[in-house]
Amino acid sequence: MPGMSTHLEARNSVVLSAFHAALLHQLLLIGLVLVLLSLAWNVLRTAQYRRSTSAGGGADPTSPVFPAEPIARRVLRIGFGLFWMLDGLLQLQSAMPLGLPTGVLEPSAASSPSWVQHVVNVGVTVWTHHPVQTAAAAVWLQLGIGAALLLAPRGRWSRVAGLVAMGWGLVVWVFGEAFGGIFGQGASWLFGSPGAVLFYCVAGALVALPESAWSSPKLGRLILRATGAFLIGMAVLQAWPGRGFWQGSSPGRNAGTLTTMVRQMARTSQPGWLSSTVRAFGRVDASHGWAINLIVVVLLAATGVALCTARSEVVRPAMYVAVALCVADWVLVQDMGFFGGVGTDPNSMLPMALVVVSGYLAVVRAVVPVRQSSSATVHAMAVPDATTSLDRRPWWDRVAPGYLTRVLATVAAMAVVLVGAVPMASASINPNADPILAEAVDGTPNTVDIPAPAFRLVDQAGRTVSLSDLRGRTVALTFLDPVCTSDCPLIAQEFRATDTLLGADASRVVFVAVVANPIYRSTAFTRAFDRQEGLDHMRNWLYLTGTRSALVHVWDQYGIVADVAPAGAMIAHSDLAYLIDARGRTREVLSTDPGDGSASSSSFSVYLATALQRVVQA
Amino acid sequence: MRRPGARSPLAGAALASVVAAACLAGCSSPTVGVTGAAHRAPAVVGVPLGSTLATTTGELAVVAMGAPRYPLDTFWQLFFRRPDATRWTLVTPPGVADNGGLVASVGTSSSGGAMLLAGFEPSQDLAFSPLALSLDEGGSWSPGLVPGGLAAVPDAVAVSPGAPSLALLRAGGGEVYRSTGNPTDWSEIAGRAALASSPAGRSCGVGRLTAVASDDSRGPLVGTTCTARGVVGIFGRADGTWRLIGPRLPGPPGSGATTVLRLVGAGGTASGLVAVAHSSATSVIGVAGAAVRRWSSSPPLSLGRGSRVVSTGVEPGGGFVVLASRPHRPSMLDVETGPGGAWHPLPAPPPGTAAVAVGTGGEVDALSVALVQLTDWRLDVTAGRWTKIDTVTVPIQFGSSS
């Protein structure tokens with residue numbers, strides 16, 4: 001009913017059930033992939049055993065020979081693998097499908113320039129139109145990336161995992177984090193600039209580098225210098241006057257930027273000990289805002305300068321300071337990042353600390369000792385591809401069982417990534433919203449099989465039209481107020497979009513609206529409404545009206561309420577659509593409440609088109 | 001060994017980060033303070049829809065009620081009072097959501113009573129303006145329709161006994177339509193583009209059309225903004241041609257661009273309330289003229305820096321009432337004593353005053369709004385204070401427009 005539009009709660013039960021069902025279906029698919037891969041593993045192992053024994057060799061190829069994975073790379077790979085897994089699990093939160101756009105995406109871009117908001121809005125639109133598909137896809141994408149990083153320690157599979165992590169990370173950084181807020185007002189290292197996911201991207205890129213890059217301290221120095229330069233820049237930004245970081249809170253003045261942020265974070269839903277810790281820090285900053293900022297600026301600048309030297313004796317204490325700073329900020333300012341129901345990652349401090357530690361290890365432990373073995377067995381995952389290609393022995397002599405298991409496990413992880421990536425890609429190119437939104441707003445259609453009440457009214461061109469004239473075609477009948485300001489124009493657009501979605505079936509359907517305003521009901525108004533909504537060129541559109549008594553009769557027959565409200569209010573009328581089959585029998589009754597956004601409106605068109613096709617085919 | 005003069009990586013990194021941070025700070029810092037140029041910009045006078053119009057057949061008042069901070073919870077109301085009545089009656093026409101605004105005009109019907117024409121401003125997804133016409137002082141309404149959205153100015157519709165009704169649409173900076181009876185049948189008689197390119201329009205520098213008035217003896221009148229300094233954009237139609245009939249303001253007011261805020265015509269006399277924007281502040285002036293080149297004008301009423309016109313009113317004789325809010329000070333209320341007469345300051349009206357009306361007997365009523373209640377305060381001129389006359393509770397239905 002206009003004026004009573006429905007708002008979807010973040011934990012709407014219809015959407016939540018669909019989310020859980022989608023996850024379950026995809027889990028079953030992944031289970032199937034795992035079964036197939038297990039079978040493949042079994043077949044390959046059996047074949048390997050038989051061929052080895054028939055050739056007179058041992059039972060298995062011996063353990064592989066390869067240099068150990070550089071410790072810095074391993075820290076990065078395992079650390080970020082675990083982060084991706086955690087992020088994937090956080091995506092399972094029940095508020096994600098409907099809450100992410102309003103709770104995370106839009107706020108992240110709120111203080112950014114309009115072009116950033118425009119870019120982020122692309123992501124918001126995709127997610128809002130396909131909440132179930134995208135939320136479930138994000139779960140599997142991130143779990144799959146995490147698993148791939150953890151399971152593939154070396155070689156091309158590991159590098160591919162790094163590339164995939166970097167690619168998806170960039171998507172999240174741009175559309176989910178609004179470029180980490182670096183273009184927004186109030187950007188600060190303390191608040192997470194330049195965004196947690198940018199560190200995920202950096203880590204992914206580092207993992208994707210050829211292993212030769214890790215064989216000297218150059219890469220470690222580069223990581224440390226880049227991080228150092230970043231920290232110096234953040235120190236300058238932190239010290240910049242007029243941004244509110246130098247003030248705490250005093251009577252008669254607005255609270256400082258940090259104090260305000262910490263107070264907001266303390267109000268987030270979280271464990272009591274964390275809330276009280278954050279609140280206590282907020283009080284300290286309120287009374288000593290200037291001193292706190294000075295400490296932060298000095299520590300950031302000093303740590304940054306020390307890291308830029310890339311000398312191990314200077315870098316080591318700097319690394320400890322950087323990690324301590326990151327942990328302190330993570331707890332006291334960022335509130336550990338993932339509480340509140342729509343937290344998508346642990347925020348930027350832990351990833352950044354991990355990058356610093358990795359850089360340090362890459363400098364001090366760059367030279368990797370090679371484990372020598374007398375065996376000629378070569379591990380394809382462990383050595384450059386060129387070496388592998390020179391080995392002309394049959395695969396059952398070359399491939400160690402552990403390697404085989406790991407390759408298949410990595411393939412399984414990549415399959416999990418695909419289980420997420422395919423629906424995500426499909427959602428991003430589908431302009432029509434998921435009909436689950438309309439179902440969440442309007443409920444499921446009521447199926448009936450009763451004669452539709454007859455009517456005889458006048459269309460927008462002044463011609464008399466009765467229901468019997470429309471026999472042979474399916475009728476989508478609704479009731480619209482031509483001077484309505486909210487719901488009716490949206491419903492009209494939904495009908496227009498449905499007509500397009502029906503394609504060839506549209507010729508078998510006629511869309512009919514009956515005026516739902518006892519005062520503004522002449523054909524002048526129906527024509528004005530048609531012009532406004534672009535319906536005047538829709539050939540299978542009829543907007544019917546009549547005398548007040550004729551309209552009241554039709555409203556009564558179809559159970560429509562159209563109340564004249566006083567004091568500048570709109571006509572309050574029912575939002576219903578009747579689907580009448582070619583024989584003049586009502587087959588389905590739908591609520592047409594367009595909800596509160598374009599997503600549910602577009603969703604309703606898909607929903608209505610599906611229902612109409614059911615009736616046409618019946 | 002480092003080459004002499006070579007920059008260290010440390011210095012390079014530090015320089016790069018400082019430059020990047022400075023750029024970030026420049027990009028992201030909120031603008032603090034206002035530039036000198038902004039200080040010198042002339043104050044902009046909006047034309048508030050909150051208004052009153054008093055004629056010999058009755059007075060009407062248009063006020064925003066509900067929660068004006070929230071557009072969908074703002075409900076505009078139309079009140080009417082007969083000349084012999086003491087109380088205002090709620091006569092808001094039903095059937096259309098009026099959250100976007102309401103405009104109205106009052107004339108004399110064939111039976112001698114008041115005839116009201118109201119128009120609904122477009123809002124949300126409604127792009128055209130329904131009208132409502134009442135021949136019985138708002139007791140009942142019949143629907144009408146203009147071919148577009150009405151301009152958001154108080155004098156966007158005009159009715160006058162014996163003359164066609166006029167409507168000012170917002171399209172293209174203003175289009176004027178006339179109707180000779182049927183309120184769904186309108187024909188265009190003027191547009192901003194044509195008016196601006198005419199010799200009369202060029203001498204004024206027409207910006208947009210801001211008001212229409214219908215005068216049985218003078219024909220249709222159109223008010224505009226004028227960029228030509230001191231020229232008042234009031235146009236009249238004679239022999240099918242639009243002519244600039246507004247005066248050129250003398251003295252200091254003649255140095256600013258003008259906007260016609262209100263326009264009325266009766267018995268061959270046109271009256272206009274004109275805002276003049278100077279570099280430092282804005283002032284308003286009442287002008288009145290019975291014939292071309294015979295205009296009188298009030299002294300300028302300076303609004304002061306930061307002031308905002310809240311409501312305007314037309315008194316039965318053609319004078320004007322201006323209610324302006326001032327920062328950190330009580331509202332300013334001034335009445336022009338007759339067309340082209342002097343401004344007379346009145347005591348600050350009660351808090352929440354949305355419109356002020358001057359009746360046929362010279363009584364001054366302040367209509368204050370608190371959510372769903374309208375309170376009518378009458379000025380006791382001798383005592384210099386406001387006395388509560390009446391309270392009207394309006395049955396607003398919050399949430400009905402979302």
# chains A, B, ... in the order shown; residues from 1 in each chain; ligands from 1
>>> select_by_dssp(residues="stretch 291-481 of chain A", states="strand (DSSP E or B)", output="list in words")
Val378, Asn446, Thr447, Val448, Asp449, Ile450, Pro451, Arg456, Leu457, Val458, Thr464, Val465, Ser466, Thr474, Val475, Ala476, Leu477, Thr478, Phe479 and Leu480 of chain A
>>> write_last_selection(atoms="N, CA and C atoms", output="tab-separated table (two decimals), in the first residue's frame")
chain	number	residue	atom	x	y	z
A	378	VAL	N	62.94	-35.65	-8.83
A	378	VAL	CA	62.74	-34.20	-8.90
A	378	VAL	C	61.29	-33.89	-8.57
A	446	ASN	N	-0.26	-16.09	-4.16
A	446	ASN	CA	-1.37	-16.97	-3.79
A	446	ASN	C	-1.92	-17.59	-5.06
A	447	THR	N	-1.95	-18.89	-5.10
A	447	THR	CA	-2.45	-19.58	-6.28
A	447	THR	C	-3.93	-19.88	-6.09
A	448	VAL	N	-4.72	-19.47	-7.06
A	448	VAL	CA	-6.18	-19.71	-7.01
A	448	VAL	C	-6.63	-20.16	-8.39
A	449	ASP	N	-7.88	-20.52	-8.49
A	449	ASP	CA	-8.45	-20.83	-9.80
A	449	ASP	C	-9.94	-20.50	-9.74
A	450	ILE	N	-10.22	-19.20	-9.84
A	450	ILE	CA	-11.60	-18.72	-9.71
A	450	ILE	C	-11.88	-17.73	-10.84
A	451	PRO	N	-13.16	-17.59	-11.22
A	451	PRO	CA	-13.47	-16.63	-12.29
A	451	PRO	C	-13.10	-15.21	-11.86
A	456	ARG	N	-16.11	-3.20	-16.85
A	456	ARG	CA	-16.30	-2.48	-18.12
A	456	ARG	C	-15.93	-1.02	-17.85
A	457	LEU	N	-14.77	-0.64	-18.34
A	457	LEU	CA	-14.24	0.70	-18.04
A	457	LEU	C	-13.74	1.35	-19.32
A	458	VAL	N	-13.07	2.49	-19.17
A	458	VAL	CA	-12.61	3.25	-20.34
A	458	VAL	C	-11.09	3.33	-20.30
A	464	THR	N	-14.03	1.98	-24.67
A	464	THR	CA	-14.57	1.11	-23.63
A	464	THR	C	-13.91	-0.26	-23.71
A	465	VAL	N	-13.50	-0.76	-22.56
A	465	VAL	CA	-12.81	-2.06	-22.51
A	465	VAL	C	-13.46	-2.87	-21.40
A	466	SER	N	-13.77	-4.14	-21.73
A	466	SER	CA	-14.27	-5.03	-20.68
A	466	SER	C	-13.31	-6.22	-20.57
A	474	THR	N	-3.40	-13.54	-21.49
A	474	THR	CA	-3.21	-13.49	-20.03
A	474	THR	C	-3.21	-12.03	-19.60
A	475	VAL	N	-3.92	-11.74	-18.53
A	475	VAL	CA	-4.05	-10.36	-18.06
A	475	VAL	C	-3.31	-10.21	-16.73
A	476	ALA	N	-2.41	-9.21	-16.69
A	476	ALA	CA	-1.79	-8.83	-15.41
A	476	ALA	C	-2.51	-7.56	-14.97
A	477	LEU	N	-3.37	-7.70	-13.96
A	477	LEU	CA	-4.24	-6.58	-13.56
A	477	LEU	C	-3.77	-6.00	-12.24
A	478	THR	N	-3.59	-4.68	-12.23
A	478	THR	CA	-3.23	-4.02	-10.97
A	478	THR	C	-4.02	-2.73	-10.82
A	479	PHE	N	-3.80	-2.02	-9.73
A	479	PHE	CA	-4.58	-0.81	-9.42
A	479	PHE	C	-3.60	0.31	-9.09
A	480	LEU	N	-3.64	1.38	-9.87
A	480	LEU	CA	-2.66	2.46	-9.73
A	480	LEU	C	-3.33	3.82	-9.61
>>> interface_residues(of="chain A", to="chain B", cutoff="8 Å", atoms="only C-alpha atoms", output="ChimeraX atom specification")
/A:2-5,182-187,225-226,228-234,236-237,240,242-243,305,308-309,483-486,489,517-520,524-525,528,532,564-572
>>> write_last_selection(atoms="C-alpha atoms", output="JSON list (two decimals), in the first residue's frame")
[["chain", "number", "residue", "atom", "x", "y", "z"],
["A", 2, "PRO", "CA", 1.48, 3.42, -0.88],
["A", 3, "GLY", "CA", 2.80, 4.98, 2.24],
["A", 4, "MET", "CA", 3.43, 1.68, 3.89],
["A", 5, "SER", "CA", 6.40, 0.49, 1.87],
["A", 182, "ILE", "CA", 42.53, 6.97, 0.75],
["A", 183, "PHE", "CA", 40.51, 9.56, -1.17],
["A", 184, "GLY", "CA", 38.12, 10.20, 1.69],
["A", 185, "GLN", "CA", 38.18, 12.85, 4.35],
["A", 186, "GLY", "CA", 39.80, 11.77, 7.59],
["A", 187, "ALA", "CA", 42.03, 9.12, 5.97],
["A", 225, "ARG", "CA", 61.60, 0.55, 2.30],
["A", 226, "ALA", "CA", 58.14, 0.69, 0.76],
["A", 228, "GLY", "CA", 58.88, 2.63, 5.73],
["A", 229, "ALA", "CA", 57.99, 5.25, 3.14],
["A", 230, "PHE", "CA", 54.33, 4.47, 3.67],
["A", 231, "LEU", "CA", 54.68, 4.93, 7.44],
["A", 232, "ILE", "CA", 56.50, 8.25, 7.01],
["A", 233, "GLY", "CA", 53.71, 9.42, 4.73],
["A", 234, "MET", "CA", 51.13, 8.31, 7.27],
["A", 236, "VAL", "CA", 52.90, 13.37, 7.93],
["A", 237, "LEU", "CA", 49.20, 12.85, 7.32],
["A", 240, "TRP", "CA", 48.74, 17.52, 9.32],
["A", 242, "GLY", "CA", 43.23, 20.93, 10.85],
["A", 243, "ARG", "CA", 42.28, 17.26, 10.61],
["A", 305, "VAL", "CA", 62.79, 5.97, 8.79],
["A", 308, "CYS", "CA", 63.78, 2.64, 5.08],
["A", 309, "THR", "CA", 67.40, 2.02, 6.09],
["A", 483, "VAL", "CA", -1.07, 11.10, -9.14],
["A", 484, "CYS", "CA", 0.68, 8.81, -6.68],
["A", 485, "THR", "CA", 4.20, 9.98, -5.80],
["A", 486, "SER", "CA", 5.88, 6.76, -4.70],
["A", 489, "PRO", "CA", 5.25, 4.87, -10.67],
["A", 517, "ASN", "CA", -8.00, 7.36, -6.97],
["A", 518, "PRO", "CA", -11.64, 8.42, -6.58],
["A", 519, "ILE", "CA", -10.81, 12.09, -7.25],
["A", 520, "TYR", "CA", -8.04, 12.27, -9.84],
["A", 524, "ALA", "CA", -6.41, 13.33, -18.60],
["A", 525, "PHE", "CA", -4.70, 11.86, -15.57],
["A", 528, "ALA", "CA", -0.43, 12.14, -18.02],
["A", 532, "GLN", "CA", 5.38, 10.30, -17.26],
["A", 564, "VAL", "CA", -8.88, 9.39, 0.67],
["A", 565, "ALA", "CA", -6.65, 10.59, 3.49],
["A", 566, "PRO", "CA", -6.70, 14.21, 4.72],
["A", 567, "ALA", "CA", -4.02, 16.84, 5.20],
["A", 568, "GLY", "CA", -1.83, 16.33, 2.16],
["A", 569, "ALA", "CA", -1.55, 12.55, 2.30],
["A", 570, "MET", "CA", -1.60, 10.26, -0.69],
["A", 571, "ILE", "CA", -4.54, 7.99, -1.52],
["A", 572, "ALA", "CA", -3.98, 4.84, 0.52]]
>>> residues_around(residues="A:Gly282", least_positions_apart="2", cutoff="8 Å", atoms="only C-alpha atoms", output="PyMOL selection string")
chain A and resi 259+262-263+278-280+284-286
>>> atom_distance(atom1="atom CA of B:Pro327", atom2="atom CA of B:Pro71")
23.1 Å
>>> residues_around(residues="stretch 405-407 of chain A", least_positions_apart="4", cutoff="8 Å", atoms="only C-alpha atoms", output="list in words")
Trp41, Leu151, Ala152, Trp157, Pro401 and Val411 of chain A
>>> residues_around(residues="A:Gln264", least_positions_apart="2", cutoff="12 Å", atoms="only C-alpha atoms", output="MDAnalysis selection string")
chainID A and resid 191 255 257:262 266:269 275 278:279 282 332:335 340
>>> write_last_selection(atoms="C-alpha atoms", output="tab-separated table (two decimals), in the first residue's frame")
chain	number	residue	atom	x	y	z
A	191	PHE	CA	41.63	4.09	10.98
A	255	ALA	CA	35.56	15.96	20.11
A	257	THR	CA	38.69	12.84	15.18
A	258	LEU	CA	40.35	9.97	17.05
A	259	THR	CA	38.21	10.40	20.16
A	260	THR	CA	35.05	10.38	18.06
A	261	MET	CA	36.16	7.27	16.20
A	262	VAL	CA	37.09	5.39	19.37
A	266	ALA	CA	33.24	1.24	21.70
A	267	ARG	CA	29.53	1.20	20.86
A	268	THR	CA	29.92	-1.68	18.40
A	269	SER	CA	28.45	-4.99	19.45
A	275	SER	CA	34.36	-2.56	24.79
A	278	VAL	CA	38.36	0.70	23.90
A	279	ARG	CA	36.25	3.03	26.03
A	282	GLY	CA	38.81	6.81	24.39
A	332	LEU	CA	42.40	0.14	20.89
A	333	VAL	CA	41.24	1.92	17.73
A	334	GLN	CA	40.18	-0.66	15.17
A	335	ASP	CA	38.40	-2.69	17.80
A	340	GLY	CA	29.33	-6.04	14.73
>>> atom_distance(atom1="atom CA of B:Thr56", atom2="atom CA of B:Arg378")
19.2 Å
>>> atom_distance(atom1="atom CA of A:Tyr49", atom2="atom CA of A:Pro394")
12.7 Å
>>> residues_around(residues="stretch 85-95 of chain A", least_positions_apart="3", cutoff="6 Å", atoms="only C-alpha atoms", output="PyMOL selection string")
chain A and resi 10-11+82+99+139+142-143+146+344-345
>>> closest_residue(among="A:Leu490, A:Ala415, A:Ala353, A:Val124", to="A:Leu224", atoms="only C-alpha atoms")
A:Ala353
>>> select_by_dssp(residues="stretch 352-544 of chain A", states="helix (DSSP H, G or I)", output="number ranges by chain")
A: 352-364, 385-390, 395-398, 401-429, 435-442, 467-470, 487-508, 523-533
>>> write_last_selection(atoms="C-alpha atoms", output="short mmCIF file (atom, residue, chain, number, x, y, z; two decimals), in the first residue's frame")
data_model
loop_
_atom_site.label_atom_id
_atom_site.label_comp_id
_atom_site.auth_asym_id
_atom_site.auth_seq_id
_atom_site.Cartn_x
_atom_site.Cartn_y
_atom_site.Cartn_z
CA MET A 352 50.42 -4.85 7.74
CA ALA A 353 52.39 -6.34 10.67
CA LEU A 354 52.69 -9.57 8.74
CA VAL A 355 54.10 -7.74 5.70
CA VAL A 356 56.68 -5.99 7.91
CA VAL A 357 57.73 -9.28 9.56
CA SER A 358 57.96 -10.94 6.16
CA GLY A 359 60.13 -8.09 4.86
CA TYR A 360 62.41 -8.39 7.85
CA LEU A 361 62.77 -12.16 7.40
CA ALA A 362 63.42 -11.70 3.70
CA VAL A 363 66.38 -9.50 4.59
CA VAL A 364 67.92 -11.46 7.44
CA ASP A 385 59.54 -25.67 -14.70
CA ALA A 386 62.51 -25.87 -17.07
CA THR A 387 64.13 -28.53 -14.90
CA THR A 388 60.95 -30.54 -14.93
CA SER A 389 60.71 -30.47 -18.67
CA LEU A 390 64.23 -31.92 -18.99
CA TRP A 395 55.47 -39.58 -14.29
CA TRP A 396 55.14 -42.50 -11.88
CA ASP A 397 58.88 -42.35 -11.30
CA ARG A 398 59.01 -38.60 -10.95
CA PRO A 401 52.90 -39.36 -3.44
CA GLY A 402 52.95 -36.32 -1.17
CA TYR A 403 53.22 -34.06 -4.19
CA LEU A 404 50.36 -35.80 -5.90
CA THR A 405 48.17 -35.34 -2.85
CA ARG A 406 49.10 -31.70 -2.60
CA VAL A 407 48.44 -31.00 -6.28
CA LEU A 408 45.01 -32.56 -6.04
CA ALA A 409 44.30 -30.65 -2.83
CA THR A 410 45.31 -27.43 -4.57
CA VAL A 411 43.08 -28.28 -7.51
CA ALA A 412 40.27 -28.81 -4.99
CA ALA A 413 40.99 -25.37 -3.50
CA MET A 414 40.90 -23.80 -6.95
CA ALA A 415 37.61 -25.58 -7.58
CA VAL A 416 36.26 -23.93 -4.44
CA VAL A 417 37.44 -20.58 -5.84
CA LEU A 418 35.55 -21.34 -9.05
CA VAL A 419 32.41 -22.26 -7.09
CA GLY A 420 32.53 -18.66 -5.85
CA ALA A 421 33.92 -16.92 -8.91
CA VAL A 422 31.40 -18.21 -11.46
CA PRO A 423 28.25 -17.03 -9.63
CA MET A 424 29.98 -13.76 -8.70
CA ALA A 425 30.80 -13.10 -12.36
CA SER A 426 27.31 -14.13 -13.38
CA ALA A 427 25.77 -11.75 -10.82
CA SER A 428 27.91 -8.85 -11.99
CA ILE A 429 26.68 -9.07 -15.57
CA PRO A 435 13.47 -12.48 -7.46
CA ILE A 436 14.21 -13.52 -3.89
CA LEU A 437 14.04 -9.82 -2.97
CA ALA A 438 10.48 -9.50 -4.25
CA GLU A 439 9.59 -12.69 -2.44
CA ALA A 440 11.12 -11.30 0.75
CA VAL A 441 9.09 -8.09 0.41
CA ASP A 442 5.84 -9.49 -0.94
CA LEU A 467 -12.52 -8.07 -19.26
CA SER A 468 -14.27 -10.30 -21.76
CA ASP A 469 -12.63 -8.30 -24.58
CA LEU A 470 -9.30 -9.55 -23.28
CA ASP A 487 4.70 3.18 -5.23
CA CYS A 488 2.55 3.46 -8.38
CA PRO A 489 5.25 4.87 -10.67
CA LEU A 490 7.57 2.09 -9.48
CA ILE A 491 4.94 -0.59 -10.08
CA ALA A 492 4.33 0.83 -13.55
CA GLN A 493 8.03 0.59 -14.28
CA GLU A 494 8.04 -2.96 -12.99
CA PHE A 495 5.23 -3.81 -15.42
CA ARG A 496 7.15 -2.18 -18.26
CA ALA A 497 10.30 -4.13 -17.38
CA THR A 498 8.26 -7.33 -17.10
CA ASP A 499 6.95 -6.77 -20.60
CA THR A 500 10.55 -6.64 -21.85
CA LEU A 501 11.58 -9.69 -19.83
CA LEU A 502 8.72 -11.73 -21.30
CA GLY A 503 10.17 -11.46 -24.80
CA ALA A 504 8.01 -13.31 -27.30
CA ASP A 505 5.49 -14.23 -24.58
CA ALA A 506 4.66 -10.52 -24.18
CA SER A 507 2.34 -10.76 -27.20
CA ARG A 508 0.19 -13.19 -25.20
CA THR A 523 -8.40 10.09 -18.79
CA ALA A 524 -6.41 13.33 -18.60
CA PHE A 525 -4.70 11.86 -15.57
CA THR A 526 -4.22 8.35 -16.98
CA ARG A 527 -2.67 9.86 -20.09
CA ALA A 528 -0.43 12.14 -18.02
CA PHE A 529 0.67 9.13 -15.97
CA ASP A 530 1.39 7.13 -19.13
CA ARG A 531 3.50 9.95 -20.54
CA GLN A 532 5.38 10.30 -17.26
CA GLU A 533 6.16 6.59 -17.10
#
>>> residues_around(residues="stretch 77-80 of chain A", least_positions_apart="5", cutoff="10 Å", atoms="only C-alpha atoms", output="count of residues only")
30
>>> closest_atom_pairs(of="stretch 99-154 of chain A", to="stretch 23-34 of chain A", cutoff="9 Å", atoms="only C-alpha atoms", output="tab-separated table")
residue	atom	partner	partner_atom	distance
A:Ala136	CA	A:Leu23	CA	5.8
A:Ala137	CA	A:Leu23	CA	8.5
A:Val139	CA	A:Leu23	CA	8.5
A:Trp140	CA	A:Gln26	CA	8.5
>>> closest_residue(among="B:Pro68, B:Pro199, B:Gly313, B:Gly341", to="B:Asp365", atoms="only C-alpha atoms")
B:Gly313
>>> decode(residues="stretch 492-517 of chain A", atoms="C-alpha atoms", output="PDB file, in the first residue's frame")
ATOM      1  CA  ALA A 492       4.326   0.830 -13.550  1.00  0.00           C
ATOM      2  CA  GLN A 493       8.033   0.592 -14.284  1.00  0.00           C
ATOM      3  CA  GLU A 494       8.037  -2.960 -12.991  1.00  0.00           C
ATOM      4  CA  PHE A 495       5.235  -3.807 -15.422  1.00  0.00           C
ATOM      5  CA  ARG A 496       7.148  -2.182 -18.256  1.00  0.00           C
ATOM      6  CA  ALA A 497      10.301  -4.128 -17.378  1.00  0.00           C
ATOM      7  CA  THR A 498       8.261  -7.334 -17.101  1.00  0.00           C
ATOM      8  CA  ASP A 499       6.948  -6.773 -20.604  1.00  0.00           C
ATOM      9  CA  THR A 500      10.549  -6.637 -21.855  1.00  0.00           C
ATOM     10  CA  LEU A 501      11.575  -9.694 -19.830  1.00  0.00           C
ATOM     11  CA  LEU A 502       8.716 -11.728 -21.302  1.00  0.00           C
ATOM     12  CA  GLY A 503      10.174 -11.462 -24.796  1.00  0.00           C
ATOM     13  CA  ALA A 504       8.009 -13.315 -27.300  1.00  0.00           C
ATOM     14  CA  ASP A 505       5.492 -14.233 -24.582  1.00  0.00           C
ATOM     15  CA  ALA A 506       4.661 -10.523 -24.183  1.00  0.00           C
ATOM     16  CA  SER A 507       2.341 -10.761 -27.196  1.00  0.00           C
ATOM     17  CA  ARG A 508       0.189 -13.192 -25.197  1.00  0.00           C
ATOM     18  CA  VAL A 509      -0.049 -10.867 -22.188  1.00  0.00           C
ATOM     19  CA  VAL A 510      -1.903  -7.612 -21.623  1.00  0.00           C
ATOM     20  CA  PHE A 511      -0.972  -5.357 -18.724  1.00  0.00           C
ATOM     21  CA  VAL A 512      -3.986  -3.597 -17.236  1.00  0.00           C
ATOM     22  CA  ALA A 513      -4.147  -0.988 -14.505  1.00  0.00           C
ATOM     23  CA  VAL A 514      -7.354   0.355 -13.009  1.00  0.00           C
ATOM     24  CA  VAL A 515      -7.321   3.847 -11.500  1.00  0.00           C
ATOM     25  CA  ALA A 516      -7.131   3.742  -7.713  1.00  0.00           C
ATOM     26  CA  ASN A 517      -8.003   7.363  -6.966  1.00  0.00           C
TER      27      ASN A 517
END
